[in-house]
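Colleague: Enclosed is the structure file query_33.csv (CSV, N, CA and C atoms).
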chain,number,residue,atom,x,y,z
H,143,MET,N,113.0,100.4,111.1
H,143,MET,CA,113.3,99.3,110.2
H,143,MET,C,112.7,98.0,110.8
H,144,LEU,N,112.1,97.3,109.9
H,144,LEU,CA,111.5,96.0,110.3
H,144,LEU,C,112.4,94.9,109.9
H,145,ALA,N,112.5,93.9,110.8
H,145,ALA,CA,113.5,92.8,110.6
H,145,ALA,C,112.7,91.5,110.2
H,146,GLU,N,113.2,90.9,109.1
H,146,GLU,CA,112.6,89.6,108.7
H,146,GLU,C,113.1,88.5,109.6
H,147,ARG,N,114.4,88.6,109.9
H,147,ARG,CA,115.0,87.5,110.8
H,147,ARG,C,116.2,88.1,111.4
H,148,VAL,N,116.4,87.8,112.7
H,148,VAL,CA,117.6,88.1,113.5
H,148,VAL,C,118.2,86.9,113.9
H,149,THR,N,119.5,86.7,113.5
H,149,THR,CA,120.3,85.5,113.9
H,149,THR,C,121.4,86.0,114.9
H,150,VAL,N,121.4,85.4,116.0
H,150,VAL,CA,122.4,85.7,117.0
H,150,VAL,C,123.3,84.5,117.2
H,151,GLY,N,124.6,84.7,117.1
H,151,GLY,CA,125.5,83.6,117.3
H,151,GLY,C,126.7,84.0,118.1
H,152,SER,N,127.6,83.1,118.4
H,152,SER,CA,128.8,83.4,119.2
H,152,SER,C,129.7,84.4,118.6
H,153,ASP,N,129.6,84.6,117.2
H,153,ASP,CA,130.5,85.5,116.5
H,153,ASP,C,129.8,86.8,116.2
H,154,GLY,N,128.5,87.0,116.6
H,154,GLY,CA,127.9,88.3,116.4
H,154,GLY,C,126.4,88.1,116.1
H,155,MET,N,125.8,89.1,115.5
H,155,MET,CA,124.4,89.1,115.2
H,155,MET,C,124.2,89.5,113.7
H,156,ALA,N,123.3,88.9,113.0
H,156,ALA,CA,122.9,89.2,111.6
H,156,ALA,C,121.5,89.5,111.6
H,157,VAL,N,121.2,90.7,110.9
H,157,VAL,CA,119.8,91.1,110.8
H,157,VAL,C,119.4,91.1,109.3
H,158,ASP,N,118.4,90.4,109.0
H,158,ASP,CA,117.9,90.4,107.6
H,158,ASP,C,116.7,91.4,107.6
H,159,PRO,N,116.8,92.5,106.9
H,159,PRO,CA,115.7,93.5,106.9
H,159,PRO,C,114.5,93.0,106.1
H,160,ARG,N,113.4,93.4,106.5
H,160,ARG,CA,112.2,93.0,105.8
H,160,ARG,C,112.0,94.1,104.7
H,161,THR,N,111.9,93.7,103.4
H,161,THR,CA,111.7,94.6,102.3
H,161,THR,C,110.3,94.6,101.8
H,162,ALA,N,109.6,93.6,102.0
H,162,ALA,CA,108.2,93.5,101.5
H,162,ALA,C,107.4,94.7,102.2
H,163,GLY,N,106.7,95.4,101.3
H,163,GLY,CA,105.9,96.5,101.8
H,163,GLY,C,106.6,97.9,101.9
H,164,LEU,N,107.9,97.9,101.7
H,164,LEU,CA,108.6,99.1,101.7
H,164,LEU,C,108.3,100.1,100.6
H,165,GLY,N,107.9,99.5,99.5
H,165,GLY,CA,107.5,100.4,98.3
H,165,GLY,C,106.3,101.3,98.7
H,166,SER,N,105.3,100.8,99.4
H,166,SER,CA,104.2,101.6,99.7
H,166,SER,C,104.6,102.7,100.7
H,167,ILE,N,105.5,102.4,101.6
H,167,ILE,CA,106.0,103.4,102.6
H,167,ILE,C,106.7,104.5,101.9
H,168,VAL,N,107.6,104.1,100.9
H,168,VAL,CA,108.4,105.1,100.2
H,168,VAL,C,107.4,106.0,99.3
H,169,ARG,N,106.5,105.4,98.7
H,169,ARG,CA,105.5,106.1,97.9
H,169,ARG,C,104.7,107.1,98.7
H,170,ALA,N,104.4,106.7,99.9
H,170,ALA,CA,103.6,107.6,100.8
H,170,ALA,C,104.5,108.8,101.3
H,171,MET,N,105.8,108.6,101.4
H,171,MET,CA,106.7,109.7,101.8
H,171,MET,C,107.0,110.6,100.6
H,172,VAL,N,107.1,110.0,99.4
H,172,VAL,CA,107.6,110.8,98.2
H,172,VAL,C,106.4,111.6,97.6
H,173,THR,N,105.3,111.0,97.5
H,173,THR,CA,104.1,111.6,96.8
H,173,THR,C,103.8,113.0,97.3
H,174,PRO,N,103.7,113.3,98.6
H,174,PRO,CA,103.4,114.6,99.1
H,174,PRO,C,104.5,115.6,98.7
H,175,ARG,N,105.7,115.2,98.7
H,175,ARG,CA,106.8,116.1,98.2
H,175,ARG,C,106.7,116.5,96.8
H,176,ARG,N,106.3,115.5,96.0
H,176,ARG,CA,106.1,115.8,94.5
H,176,ARG,C,104.9,116.7,94.3
H,177,GLN,N,103.9,116.5,95.1
H,177,GLN,CA,102.7,117.4,95.0
H,177,GLN,C,103.0,118.8,95.4
H,178,MET,N,103.8,119.0,96.5
H,178,MET,CA,104.2,120.3,96.9
H,178,MET,C,105.1,121.0,95.9
H,179,ALA,N,106.0,120.2,95.3
H,179,ALA,CA,106.8,120.8,94.2
H,179,ALA,C,106.0,121.2,93.0
H,180,ALA,N,104.9,120.5,92.7
H,180,ALA,CA,104.1,120.9,91.6
H,180,ALA,C,103.3,122.1,92.0
H,181,ILE,N,102.8,122.2,93.2
H,181,ILE,CA,102.1,123.4,93.6
H,181,ILE,C,103.0,124.6,93.6
H,182,ALA,N,104.3,124.4,94.0
H,182,ALA,CA,105.2,125.6,94.0
H,182,ALA,C,105.4,126.2,92.7
H,183,ASP,N,105.2,125.4,91.6
H,183,ASP,CA,105.3,126.0,90.3
H,183,ASP,C,104.1,126.8,89.8
H,184,LEU,N,103.0,126.7,90.5
H,184,LEU,CA,101.8,127.5,90.1
H,184,LEU,C,102.0,129.0,90.4
H,185,PRO,N,101.4,129.8,89.6
H,185,PRO,CA,101.6,131.3,89.8
H,185,PRO,C,101.0,131.8,91.1
H,186,TRP,N,100.1,131.1,91.7
H,186,TRP,CA,99.5,131.5,92.9
H,186,TRP,C,100.0,130.8,94.2
H,187,ALA,N,101.2,130.1,94.0
H,187,ALA,CA,101.7,129.3,95.1
H,187,ALA,C,102.0,130.1,96.4
H,188,ASP,N,102.4,131.4,96.2
H,188,ASP,CA,102.7,132.2,97.4
H,188,ASP,C,101.4,132.5,98.2
H,189,GLN,N,100.3,132.7,97.6
H,189,GLN,CA,99.1,132.9,98.3
H,189,GLN,C,98.7,131.6,99.1
H,190,VAL,N,98.9,130.5,98.4
H,190,VAL,CA,98.5,129.2,99.1
H,190,VAL,C,99.4,129.0,100.3
H,191,ALA,N,100.7,129.3,100.2
H,191,ALA,CA,101.7,129.1,101.3
H,191,ALA,C,101.3,130.1,102.4
H,192,ALA,N,101.0,131.3,102.1
H,192,ALA,CA,100.6,132.3,103.1
H,192,ALA,C,99.3,131.9,103.8
H,193,ALA,N,98.4,131.3,103.1
H,193,ALA,CA,97.1,130.9,103.7
H,193,ALA,C,97.3,129.7,104.7
H,194,PHE,N,98.3,128.9,104.5
H,194,PHE,CA,98.6,127.8,105.4
H,194,PHE,C,99.7,128.1,106.3
H,195,GLY,N,100.2,129.3,106.4
H,195,GLY,CA,101.2,129.7,107.3
H,195,GLY,C,102.6,129.2,107.0
H,196,SER,N,102.8,128.9,105.8
H,196,SER,CA,104.2,128.4,105.4
H,196,SER,C,104.9,129.4,104.6
H,197,SER,N,106.2,129.6,104.9
H,197,SER,CA,107.0,130.5,104.1
H,197,SER,C,107.6,129.8,102.9
H,198,GLU,N,107.4,128.5,102.8
H,198,GLU,CA,108.0,127.8,101.7
H,198,GLU,C,106.9,127.7,100.6
H,199,ALA,N,107.2,128.1,99.4
H,199,ALA,CA,106.3,127.9,98.3
H,199,ALA,C,106.9,127.0,97.2
Show this structure as structure tokens.
Modeller:
Amino acid sequence: MLAERVTVGSDGMAVDPRTAGLGSIVRAMVTPRRQMAAIADLPWADQVAAAFGSSEA
């Protein structure tokens, strides 16, 4: 997590998370999963998985 601002006081600490740029990080994580899901629907997905040493198709 990236912090925009951290405020420390006598009653505790407040952390404001940085949200700018999180969209690109989320897209980078989600896109490969969607691509793998699309590949798994193909009739030759088992051969692709076997070629790459994966048991998941």
Colleague: Could you give me the residues within chain H that DSSP places in alpha helix (DSSP H), as a ChimeraX atom specification?
Modeller: /H:164-182,187-193
Colleague: What does the structure give for the distance between CA of Ser166 in chain H and atom C of Val148 in chain H, in Å to one decimal?
Modeller: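 Separation between CA of Ser166 in chain H and atom C of Val148 in chain H: 24.8 Å.
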Colleague: Can you list, as a PyMOL selection string, all residues belonging to range 145-176 of chain H that DSSP tags as strand (DSSP E)?
Modeller: chain H and resi 145-151+154-159
Colleague: In Å, rounded to a single decimal, give me how far atom C of Ala170 in chain H is from atom C of Gln189 in chain H.
Modeller: 23.6 Å
Colleague: So the first atom is CA of Pro159 in chain H and the second is CA of Met171 in chain H; what is the distance between them in Å, to one decimal place?
Modeller: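 Atom-to-atom, CA of Pro159 in chain H to CA of Met171 in chain H, that is 19.2 Å.
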Colleague: Restricting the calculation to only N, CA and C atoms: of H:Ala179, H:Ala145, H:Leu184, H:Val190, which residue gets closest to Thr161 in chain H?
Modeller: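 The shortest atom-to-atom distance to Thr161 in chain H comes from H:Ala145.
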Colleague: Emit as JSON the padded axis-aligned box for all listed atoms of range 166-173 of chain H, 4 Å per side, with centre and edge lengths in Å to one decimal.
Modeller:
{"center_x": 106.0, "center_y": 106.9, "center_z": 99.7, "size_x": 12.8, "size_y": 20.2, "size_z": 13.8}
Colleague: Name the residues in contact with Asp158 in chain H at a cut-off of 8 Å, using only N, CA and C atoms, excluding same-chain residues fewer than 2 positions from it; report them as an MDAnalysis selection string.
Modeller: chainID H and resid 144:149 155:156 160:161
Colleague: For the residues in the current selection, export N, CA and C atoms as a CSV table (one decimal), in the coordinates of the input.
Modeller:
chain,number,residue,atom,x,y,z
H,144,LEU,N,112.1,97.3,109.9
H,144,LEU,CA,111.5,96.0,110.3
H,144,LEU,C,112.4,94.9,109.9
H,145,ALA,N,112.5,93.9,110.8
H,145,ALA,CA,113.5,92.8,110.6
H,145,ALA,C,112.7,91.5,110.2
H,146,GLU,N,113.2,90.9,109.1
H,146,GLU,CA,112.6,89.6,108.7
H,146,GLU,C,113.1,88.5,109.6
H,147,ARG,N,114.4,88.6,109.9
H,147,ARG,CA,115.0,87.5,110.8
H,147,ARG,C,116.2,88.1,111.4
H,148,VAL,N,116.4,87.8,112.7
H,148,VAL,CA,117.6,88.1,113.5
H,148,VAL,C,118.2,86.9,113.9
H,149,THR,N,119.5,86.7,113.5
H,149,THR,CA,120.3,85.5,113.9
H,149,THR,C,121.4,86.0,114.9
H,155,MET,N,125.8,89.1,115.5
H,155,MET,CA,124.4,89.1,115.2
H,155,MET,C,124.2,89.5,113.7
H,156,ALA,N,123.3,88.9,113.0
H,156,ALA,CA,122.9,89.2,111.6
H,156,ALA,C,121.5,89.5,111.6
H,160,ARG,N,113.4,93.4,106.5
H,160,ARG,CA,112.2,93.0,105.8
H,160,ARG,C,112.0,94.1,104.7
H,161,THR,N,111.9,93.7,103.4
H,161,THR,CA,111.7,94.6,102.3
H,161,THR,C,110.3,94.6,101.8
Colleague: Starting from the structure just given, write a file holding chain H with C-alpha atoms, as a PDB file, in the first residue's frame.
Modeller:
ATOM      1  CA  MET H 143       0.000   0.000   0.000  1.00  0.00           C
ATOM      2  CA  LEU H 144       1.215   3.468  -0.812  1.00  0.00           C
ATOM      3  CA  ALA H 145       0.448   6.250   1.626  1.00  0.00           C
ATOM      4  CA  GLU H 146      -0.484   9.744   0.535  1.00  0.00           C
ATOM      5  CA  ARG H 147      -0.066  11.129   4.046  1.00  0.00           C
ATOM      6  CA  VAL H 148       0.623   9.752   7.509  1.00  0.00           C
ATOM      7  CA  THR H 149      -0.446  11.853  10.476  1.00  0.00           C
ATOM      8  CA  VAL H 150       0.832  10.911  13.909  1.00  0.00           C
ATOM      9  CA  GLY H 151      -0.659  12.483  16.980  1.00  0.00           C
ATOM     10  CA  SER H 152      -0.897  11.839  20.692  1.00  0.00           C
ATOM     11  CA  ASP H 153      -4.168   9.956  20.158  1.00  0.00           C
ATOM     12  CA  GLY H 154      -2.848   7.642  17.406  1.00  0.00           C
ATOM     13  CA  MET H 155      -1.935   7.529  13.764  1.00  0.00           C
ATOM     14  CA  ALA H 156      -3.977   8.207  10.615  1.00  0.00           C
ATOM     15  CA  VAL H 157      -2.927   6.892   7.210  1.00  0.00           C
ATOM     16  CA  ASP H 158      -4.425   8.352   4.043  1.00  0.00           C
ATOM     17  CA  PRO H 159      -3.909   5.797   1.272  1.00  0.00           C
ATOM     18  CA  ARG H 160      -2.753   6.907  -2.136  1.00  0.00           C
ATOM     19  CA  THR H 161      -5.381   5.960  -4.687  1.00  0.00           C
ATOM     20  CA  ALA H 162      -3.950   7.633  -7.786  1.00  0.00           C
ATOM     21  CA  GLY H 163      -2.506   5.019 -10.101  1.00  0.00           C
ATOM     22  CA  LEU H 164      -4.256   2.070  -8.466  1.00  0.00           C
ATOM     23  CA  GLY H 165      -6.432   1.539 -11.540  1.00  0.00           C
ATOM     24  CA  SER H 166      -3.447   0.616 -13.692  1.00  0.00           C
ATOM     25  CA  ILE H 167      -2.187  -1.794 -11.041  1.00  0.00           C
ATOM     26  CA  VAL H 168      -5.572  -3.490 -10.774  1.00  0.00           C
ATOM     27  CA  ARG H 169      -5.857  -3.752 -14.568  1.00  0.00           C
ATOM     28  CA  ALA H 170      -2.392  -5.318 -14.768  1.00  0.00           C
ATOM     29  CA  MET H 171      -3.456  -7.950 -12.239  1.00  0.00           C
ATOM     30  CA  VAL H 172      -6.925  -8.670 -13.677  1.00  0.00           C
ATOM     31  CA  THR H 173      -6.138  -8.757 -17.405  1.00  0.00           C
ATOM     32  CA  PRO H 174      -3.945 -11.905 -17.338  1.00  0.00           C
ATOM     33  CA  ARG H 175      -6.650 -13.767 -15.391  1.00  0.00           C
ATOM     34  CA  ARG H 176      -9.268 -12.803 -17.967  1.00  0.00           C
ATOM     35  CA  GLN H 177      -6.964 -13.900 -20.765  1.00  0.00           C
ATOM     36  CA  MET H 178      -6.365 -17.267 -19.090  1.00  0.00           C
ATOM     37  CA  ALA H 179     -10.099 -17.713 -18.583  1.00  0.00           C
ATOM     38  CA  ALA H 180     -10.683 -17.025 -22.276  1.00  0.00           C
ATOM     39  CA  ILE H 181      -7.975 -19.502 -23.254  1.00  0.00           C
ATOM     40  CA  ALA H 182      -9.488 -22.139 -20.968  1.00  0.00           C
ATOM     41  CA  ASP H 183     -12.680 -21.983 -23.033  1.00  0.00           C
ATOM     42  CA  LEU H 184     -10.852 -22.917 -26.244  1.00  0.00           C
ATOM     43  CA  PRO H 185     -11.103 -26.536 -27.454  1.00  0.00           C
ATOM     44  CA  TRP H 186      -7.311 -26.934 -27.433  1.00  0.00           C
ATOM     45  CA  ALA H 187      -6.745 -25.443 -23.959  1.00  0.00           C
ATOM     46  CA  ASP H 188      -5.563 -28.775 -22.520  1.00  0.00           C
ATOM     47  CA  GLN H 189      -2.735 -28.995 -25.068  1.00  0.00           C
ATOM     48  CA  VAL H 190      -1.645 -25.428 -24.288  1.00  0.00           C
ATOM     49  CA  ALA H 191      -1.653 -26.120 -20.550  1.00  0.00           C
ATOM     50  CA  ALA H 192       0.340 -29.322 -21.047  1.00  0.00           C
ATOM     51  CA  ALA H 193       2.879 -27.516 -23.246  1.00  0.00           C
ATOM     52  CA  PHE H 194       3.507 -24.967 -20.507  1.00  0.00           C
ATOM     53  CA  GLY H 195       3.542 -27.521 -17.701  1.00  0.00           C
ATOM     54  CA  SER H 196       0.303 -26.397 -16.092  1.00  0.00           C
ATOM     55  CA  SER H 197      -2.440 -28.718 -14.938  1.00  0.00           C
ATOM     56  CA  GLU H 198      -4.912 -25.823 -14.977  1.00  0.00           C
ATOM     57  CA  ALA H 199      -6.717 -25.206 -18.229  1.00  0.00           C
TER      58      ALA H 199
END
